[in-house]
Amino acid sequence: MRRLRLVCLLGLAPLVGGCYRFENMPIGRSTNSFVMTAHGSTVECQFVRYGSSARHIHDLSNVDANWFVLLGGRDGWHSSATFADQVAFWQSDDYVQLRLRLDSVRRRFHYFLHLSR
């Protein structure tokens, strides 16, 4: 009954806007749920116009116990590989773990990029 449409700002432009519309998916949230969306009061199928764009879970007893998801990934660069890479996580209520301890990060990631002036 309610649908979530991921559109970048250029998606509102006439004629070329269709190239900048990425997702059109059902969403089960409502105006009175914990993760709410805004919509009109009707029984017709409609697009929501507001909703949470990020979710975060943090276990305060463990610095490495952080989970995040952004609606779509939304890195801001339209043609990048990570522009909408978190849509599947968002739809399945899954998360990406972000470790904060340096030794945990080093164990998990084997490659790094060193930037200098």
# chains A, B, ... in the order shown; residues from 1 in each chain; ligands from 1
>>> residues_around(residues="A:Val63", least_positions_apart="2", cutoff="10 Å", atoms="only C-alpha atoms", output="list in words")
His58, Asp59, Leu60, Ser61, Ala65, Asn66, Leu98, Arg99, Leu100 and Arg101 of chain A
>>> write_last_selection(atoms="N, CA and C atoms", output="CSV table (one decimal), in the first residue's frame")
chain,number,residue,atom,x,y,z
A,58,HIS,N,24.1,0.4,18.8
A,58,HIS,CA,25.4,0.5,19.5
A,58,HIS,C,25.3,-0.2,20.8
A,59,ASP,N,26.2,-1.2,21.1
A,59,ASP,CA,26.3,-1.9,22.4
A,59,ASP,C,27.3,-1.1,23.2
A,60,LEU,N,26.9,-0.4,24.2
A,60,LEU,CA,27.8,0.4,25.0
A,60,LEU,C,28.8,-0.4,25.8
A,61,SER,N,28.6,-1.7,25.9
A,61,SER,CA,29.6,-2.5,26.7
A,61,SER,C,30.7,-3.0,25.8
A,65,ALA,N,31.0,-3.2,18.9
A,65,ALA,CA,29.7,-3.6,18.6
A,65,ALA,C,28.8,-2.4,18.1
A,66,ASN,N,29.1,-2.0,16.9
A,66,ASN,CA,28.4,-0.9,16.2
A,66,ASN,C,27.8,-1.4,14.9
A,98,LEU,N,30.6,-1.8,12.1
A,98,LEU,CA,31.8,-0.8,12.1
A,98,LEU,C,32.6,-1.0,13.4
A,99,ARG,N,33.8,-1.6,13.2
A,99,ARG,CA,34.6,-1.8,14.4
A,99,ARG,C,35.4,-0.5,14.7
A,100,LEU,N,35.6,-0.2,16.0
A,100,LEU,CA,36.3,1.0,16.3
A,100,LEU,C,37.7,0.8,17.0
A,101,ARG,N,38.0,-0.4,17.5
A,101,ARG,CA,39.3,-0.7,18.0
A,101,ARG,C,40.3,-0.9,16.9
>>> residues_around(residues="stretch 89-97 of chain A", least_positions_apart="4", cutoff="7 Å", atoms="only C-alpha atoms", output="mmCIF file with N, CA and C atoms, in the first residue's frame")
data_model
loop_
_atom_site.group_PDB
_atom_site.id
_atom_site.type_symbol
_atom_site.label_atom_id
_atom_site.label_comp_id
_atom_site.auth_asym_id
_atom_site.auth_seq_id
_atom_site.Cartn_x
_atom_site.Cartn_y
_atom_site.Cartn_z
ATOM 1 N N ASN A 66 29.092 -2.024 16.879
ATOM 2 C CA ASN A 66 28.371 -0.927 16.225
ATOM 3 C C ASN A 66 27.822 -1.429 14.902
ATOM 4 N N TRP A 67 26.571 -1.191 14.648
ATOM 5 C CA TRP A 67 25.974 -1.594 13.377
ATOM 6 C C TRP A 67 25.214 -0.404 12.803
ATOM 7 N N PHE A 68 25.404 -0.182 11.510
ATOM 8 C CA PHE A 68 24.809 0.961 10.827
ATOM 9 C C PHE A 68 24.207 0.517 9.507
ATOM 10 N N VAL A 69 23.281 1.283 9.014
ATOM 11 C CA VAL A 69 22.824 1.158 7.630
ATOM 12 C C VAL A 69 22.276 2.521 7.222
ATOM 13 N N LEU A 71 20.062 4.460 4.178
ATOM 14 C CA LEU A 71 19.096 4.158 3.128
ATOM 15 C C LEU A 71 19.750 4.378 1.777
#
>>> atom_distance(atom1="atom CA of A:Ala84", atom2="atom CA of A:Glu23")
9.1 Å
>>> atom_distance(atom1="atom CA of A:Val105", atom2="atom CA of A:Asn62")
14.1 Å
>>> atom_distance(atom1="atom CA of A:Gly11", atom2="atom CA of A:Phe83")
14.5 Å
